[in-house]
$ cat coords_25.txt   # compact mmCIF, C-alpha atoms and all ligand atoms
# COMPACT_ATOMS: atom_id res chain seq x y z
CA MET O 1 21.55 -8.51 21.80
CA ARG O 2 18.03 -9.49 20.80
CA ARG O 3 17.19 -8.36 17.30
CA ALA O 4 13.79 -8.89 15.71
CA ILE O 5 12.41 -8.34 12.26
CA TYR O 6 8.88 -6.96 12.03
CA PRO O 7 7.96 -7.64 8.40
CA GLY O 8 4.95 -6.50 6.45
CA SER O 9 3.54 -4.47 3.60
CA PHE O 10 2.85 -1.38 5.76
CA ASP O 11 0.70 0.07 3.00
CA PRO O 12 -0.01 2.14 5.00
CA VAL O 13 1.37 1.83 8.53
CA THR O 14 -1.53 1.80 11.01
CA ASN O 15 -1.82 2.50 14.71
CA GLY O 16 -2.10 -1.28 15.13
CA HIS O 17 1.41 -1.72 13.67
CA LEU O 18 2.76 0.99 15.98
CA ASP O 19 1.13 -0.67 18.97
CA ILE O 20 2.90 -3.94 18.13
CA ILE O 21 6.24 -2.15 17.67
CA GLU O 22 5.84 -0.44 21.05
CA ARG O 23 5.11 -3.77 22.71
CA GLY O 24 8.02 -5.37 20.85
CA CYS O 25 10.33 -2.73 22.29
CA LYS O 26 9.77 -4.29 25.72
CA LEU O 27 11.19 -7.59 24.45
CA PHE O 28 13.91 -6.69 21.95
CA ASP O 29 16.99 -4.47 21.85
CA GLU O 30 16.50 -3.76 18.17
CA ILE O 31 13.56 -4.12 15.80
CA ILE O 32 13.97 -3.84 12.05
CA ILE O 33 10.70 -2.82 10.45
CA ALA O 34 11.08 -4.54 7.09
CA ILE O 35 8.83 -3.61 4.16
CA LEU O 36 8.25 -6.37 1.64
CA VAL O 37 8.99 -5.28 -1.93
CA HIS O 38 6.25 -7.00 -3.88
CA PRO O 39 6.81 -6.37 -7.61
CA GLU O 40 3.42 -7.82 -8.70
CA LYS O 41 1.31 -5.72 -6.36
CA LYS O 42 0.16 -2.19 -7.11
CA PRO O 43 0.54 -0.48 -3.75
CA PHE O 44 -1.05 2.76 -2.55
CA PHE O 45 2.30 4.12 -1.33
CA THR O 46 5.65 3.42 -3.01
CA ILE O 47 8.38 1.73 -1.00
CA ASP O 48 10.15 5.09 -0.57
CA GLU O 49 6.96 6.74 0.67
CA ARG O 50 6.33 3.89 3.11
CA ARG O 51 9.91 4.06 4.37
CA GLU O 52 9.60 7.80 4.86
CA LEU O 53 6.23 7.58 6.62
CA LEU O 54 7.40 4.80 8.90
CA SER O 55 10.56 6.69 9.88
CA GLU O 56 8.45 9.75 10.60
CA VAL O 57 5.82 8.06 12.77
CA LEU O 58 8.35 5.93 14.65
CA LYS O 59 9.80 9.12 16.13
CA GLU O 60 6.66 9.46 18.20
CA ILE O 61 6.41 6.04 19.77
CA ASP O 62 7.53 4.97 23.19
CA ARG O 63 10.55 2.85 22.33
CA ALA O 64 12.35 2.65 25.71
CA ASN O 65 15.96 1.74 24.81
CA CYS O 66 15.04 -0.21 21.73
CA VAL O 67 16.70 0.72 18.43
CA LEU O 68 14.22 0.93 15.57
CA ARG O 69 15.33 0.68 11.97
CA VAL O 70 13.31 0.80 8.75
CA ASP O 71 14.40 -1.29 5.79
CA ASP O 72 12.94 -3.12 2.81
CA PHE O 73 13.54 -6.60 1.48
CA GLN O 74 12.79 -8.90 -1.42
CA GLY O 75 12.65 -12.67 -1.53
CA LEU O 76 12.37 -14.99 1.42
CA LEU O 77 11.88 -13.36 4.77
CA VAL O 78 14.06 -15.90 6.58
CA HIS O 79 16.96 -15.25 4.19
CA TYR O 80 16.66 -11.56 4.94
CA ALA O 81 16.43 -12.28 8.68
CA VAL O 82 19.66 -14.30 8.55
CA THR O 83 21.51 -11.53 6.70
CA GLN O 84 20.39 -9.14 9.44
CA ARG O 85 21.48 -11.59 12.17
CA ALA O 86 18.00 -11.46 13.69
CA ASN O 87 16.83 -13.92 16.37
CA ALA O 88 13.14 -13.51 15.80
CA ILE O 89 10.31 -12.48 13.52
CA VAL O 90 7.49 -10.52 15.13
CA ARG O 91 3.96 -10.81 13.81
CA GLY O 92 0.79 -9.25 15.18
CA ILE O 93 -2.27 -11.45 15.65
CA ARG O 94 -5.56 -9.60 15.85
CA ALA O 95 -8.10 -12.41 15.83
CA ILE O 96 -8.36 -16.17 15.44
CA SER O 97 -8.84 -15.60 11.71
CA ASP O 98 -5.24 -14.30 11.48
CA TYR O 99 -3.91 -17.32 13.32
CA GLU O 100 -4.31 -19.93 10.61
CA TYR O 101 -2.32 -18.04 7.99
CA GLU O 102 0.22 -16.85 10.53
CA LEU O 103 0.72 -20.37 11.89
CA GLN O 104 1.38 -21.69 8.37
CA MET O 105 3.91 -18.93 7.72
CA ALA O 106 5.61 -19.40 11.07
CA LEU O 107 5.94 -23.16 10.60
CA MET O 108 7.18 -22.79 7.02
CA ASN O 109 9.69 -20.17 8.13
CA ARG O 110 10.84 -22.46 10.94
CA ARG O 111 11.31 -25.33 8.51
CA LEU O 112 13.32 -23.08 6.22
CA GLU O 113 15.39 -21.55 9.02
CA PRO O 114 15.14 -23.31 12.40
CA SER O 115 17.37 -20.75 14.15
CA ILE O 116 14.74 -18.00 13.90
CA GLU O 117 11.71 -17.97 16.17
CA THR O 118 8.40 -16.32 15.32
CA VAL O 119 6.89 -14.31 18.14
CA PHE O 120 3.17 -13.55 17.93
CA MET O 121 1.99 -10.43 19.70
CA MET O 122 -1.53 -9.14 20.32
CA PRO O 123 -2.30 -5.47 19.73
CA ALA O 124 -4.60 -3.46 21.99
CA GLU O 125 -8.25 -4.53 21.58
CA LYS O 126 -9.10 -1.15 20.07
CA TYR O 127 -6.94 -2.05 17.06
CA SER O 128 -8.14 -5.63 16.72
CA TYR O 129 -10.16 -4.85 13.58
CA VAL O 130 -7.69 -2.43 11.98
CA SER O 131 -5.89 -3.57 8.83
CA SER O 132 -4.10 -1.67 6.05
CA ARG O 133 -6.53 -3.17 3.55
CA LEU O 134 -9.63 -1.88 5.39
CA VAL O 135 -7.99 1.47 6.06
CA LYS O 136 -7.43 1.95 2.30
CA GLU O 137 -10.97 0.87 1.47
CA VAL O 138 -12.54 3.19 4.04
CA PHE O 139 -10.32 6.05 2.89
CA GLN O 140 -11.08 5.53 -0.80
CA LEU O 141 -14.80 5.62 -0.02
CA GLY O 142 -14.51 8.87 1.91
CA GLY O 143 -14.40 7.57 5.50
CA ILE O 144 -12.44 9.25 8.28
CA LEU O 145 -9.43 7.40 9.66
CA ASP O 146 -8.91 9.34 12.90
CA GLY O 147 -7.45 7.07 15.56
CA LEU O 148 -6.76 4.24 13.10
CA VAL O 149 -3.65 5.62 11.41
CA PRO O 150 -1.25 8.37 12.51
CA ALA O 151 -2.30 11.89 11.44
CA GLN O 152 0.68 12.15 9.04
CA VAL O 153 -0.46 9.02 7.25
CA GLN O 154 -3.99 10.31 6.81
CA ARG O 155 -2.61 13.63 5.56
CA ARG O 156 -0.32 11.91 3.02
CA MET O 157 -3.18 9.73 1.82
CA LYS O 158 -5.29 12.83 1.17
CA GLU O 159 -2.38 14.54 -0.62
CA LYS O 160 -1.85 11.51 -2.78
CA LEU O 161 -5.51 11.39 -3.71
CA THR O 162 -5.62 15.04 -4.74
CA LYS O 163 -2.30 14.92 -6.64
CA GLY O 164 -3.24 11.62 -8.31
O1 LIG O 201 1.72 -7.25 6.12
P1 LIG O 201 1.60 -8.55 5.39
O2 LIG O 201 1.33 -8.30 3.92
O3 LIG O 201 0.60 -9.47 6.03
O4 LIG O 201 3.04 -9.29 5.47
C1 LIG O 201 3.27 -10.54 4.88
C2 LIG O 201 4.76 -10.90 4.88
C3 LIG O 201 5.59 -9.78 4.30
C4 LIG O 201 5.21 -11.15 6.30
C5 LIG O 201 4.92 -12.21 4.05
O5 LIG O 201 4.24 -12.08 2.84
C6 LIG O 201 6.38 -12.56 3.77
O6 LIG O 201 7.11 -12.89 4.66
N1 LIG O 201 6.79 -12.44 2.50
C7 LIG O 201 8.15 -12.69 2.07
C8 LIG O 201 8.27 -13.94 1.18
C9 LIG O 201 8.39 -15.18 2.04
O7 LIG O 201 9.28 -15.34 2.84
N2 LIG O 201 7.44 -16.11 1.82
C10 LIG O 201 7.35 -17.35 2.56
C11 LIG O 201 6.52 -17.13 3.82
S1 LIG O 201 6.34 -18.64 4.70
$ encode --input "coords_25.txt" --output "structure tokens"
Amino acid sequence: MRRAIYPGSFDPVTNGHLDIIERGCKLFDEIIIAILVHPEKKPFFTIDERRELLSEVLKEIDRANCVLRVDDFQGLLVHYAVTQRANAIVRGIRAISDYEYELQMALMNRRLEPSIETVFMMPAEKYSYVSSRLVKEVFQLGGILDGLVPAQVQRRMKEKLTKG
């Protein structure tokens, strides 16, 4: 049983995240998509909204026989990974610029918990510039996000903007 944690802020989930999850499904029997609860940050979507959106969009991806679960966590990622009896942490690497930070995290996590491996995966080239941060910025300045985030996510972002 190969179980991986795919951690992140997912604020919001992008097509790049879904691409990584789909690829991860070829390697793992179960992937837990784990949303970091970050008390100091002011997110666009609440944890509950992110959980709900993730669960919704995961229904549409090609998961083969892989079990996908959405959860949230606080504190150290490796502690959470151990409680979930995970073998690996999956992280997406888009460009060399991601690598430095990701390498530091992977090595720190390995020092803290040597039993858990970090697996880096590359998304499709068409998502190599897509990040949640840029998606929010483009959206807040009136740009269209077609093809960058699932339609439900774009719809919920618009709803949130109009409702305040
Ligand atoms: O999507 P993000 O924001 O790039 O994800 C970053 C995340 C959640 C993977 C990272 O911030 C994290 O693991 N935070 C949990 C706290 C922790 O374990 N810190 C030590 C990392 S070496």
$ residues_around --input "coords_25.txt" --residues "segment 101-105 of chain O" --least-positions-apart "4" --cutoff "9 Å" --atoms "all atoms listed in the file" --output "ChimeraX atom specification"
/O:91-93,97,109-110,120
$ closest_atom_pairs --input "coords_25.txt" --of "chain O" --to "ligand LIG 201 (chain O)" --cutoff "10 Å" --atoms "all atoms listed in the file" --output "CSV"
residue,atom,partner,partner_atom,distance
O:Ile5,CA,O:LIG201,C4,9.8
O:Tyr6,CA,O:LIG201,C4,8.0
O:Pro7,CA,O:LIG201,C4,4.9
O:Gly8,CA,O:LIG201,O1,3.3
O:Ser9,CA,O:LIG201,O1,4.2
O:Phe10,CA,O:LIG201,O1,6.0
O:Asp11,CA,O:LIG201,O1,8.0
O:Pro12,CA,O:LIG201,O1,9.6
O:Val13,CA,O:LIG201,O1,9.4
O:His17,CA,O:LIG201,O1,9.4
O:Ala34,CA,O:LIG201,C3,8.1
O:Ile35,CA,O:LIG201,C3,7.0
O:Leu36,CA,O:LIG201,C3,5.1
O:Val37,CA,O:LIG201,C3,8.4
O:His38,CA,O:LIG201,N1,8.4
O:Phe73,CA,O:LIG201,C7,8.2
O:Gln74,CA,O:LIG201,C7,6.9
O:Gly75,CA,O:LIG201,C8,5.3
O:Leu76,CA,O:LIG201,O7,3.4
O:Leu77,CA,O:LIG201,O7,3.8
O:Val78,CA,O:LIG201,O7,6.1
O:His79,CA,O:LIG201,O7,7.8
O:Tyr80,CA,O:LIG201,O7,8.6
O:Ala81,CA,O:LIG201,O7,9.7
O:Ile89,CA,O:LIG201,C4,8.9
O:Val90,CA,O:LIG201,C4,9.1
O:Arg91,CA,O:LIG201,C4,7.6
O:Gly92,CA,O:LIG201,O3,9.2
O:Asp98,CA,O:LIG201,O3,9.3
O:Tyr101,CA,O:LIG201,O3,9.3
O:Glu102,CA,O:LIG201,S1,8.6
O:Leu103,CA,O:LIG201,S1,9.3
O:Gln104,CA,O:LIG201,S1,6.9
O:Met105,CA,O:LIG201,S1,3.9
O:Ala106,CA,O:LIG201,S1,6.5
O:Leu107,CA,O:LIG201,S1,7.4
O:Met108,CA,O:LIG201,S1,4.8
O:Asn109,CA,O:LIG201,S1,5.0
O:Arg110,CA,O:LIG201,S1,8.6
O:Arg111,CA,O:LIG201,S1,9.2
O:Leu112,CA,O:LIG201,S1,8.4
O:Ser131,CA,O:LIG201,O1,8.9
O:Ser132,CA,O:LIG201,O1,8.1
O:Arg133,CA,O:LIG201,O2,9.4
$ residues_around --input "coords_25.txt" --residues "Lys126 of chain O" --least-positions-apart "2" --cutoff "12 Å" --atoms "all atoms listed in the file" --output "list in words"
Asn15, Gly16, Asp19, Arg94, Met122, Pro123, Ala124, Ser128, Tyr129, Val130, Ser131, Gly147 and Leu148 of chain O
$ residues_around --input "coords_25.txt" --residues "Arg69 of chain O" --least-positions-apart "3" --cutoff "12 Å" --atoms "all atoms listed in the file" --output "count of residues only"
25
$ atom_distance --input "coords_25.txt" --atom1 "atom CA of Leu134 of chain O" --atom2 "atom CA of Pro150 of chain O"
15.0 Å
$ atom_distance --input "coords_25.txt" --atom1 "atom CA of Phe28 of chain O" --atom2 "atom CA of Asp71 of chain O"
17.0 Å
$ residues_around --input "coords_25.txt" --residues "Asp62 of chain O" --least-positions-apart "2" --cutoff "8 Å" --atoms "only C-alpha atoms" --output "PyMOL selection string"
chain O and resi 22+60+64
$ atom_distance --input "coords_25.txt" --atom1 "atom CA of Arg23 of chain O" --atom2 "atom CA of Val70 of chain O"
16.8 Å
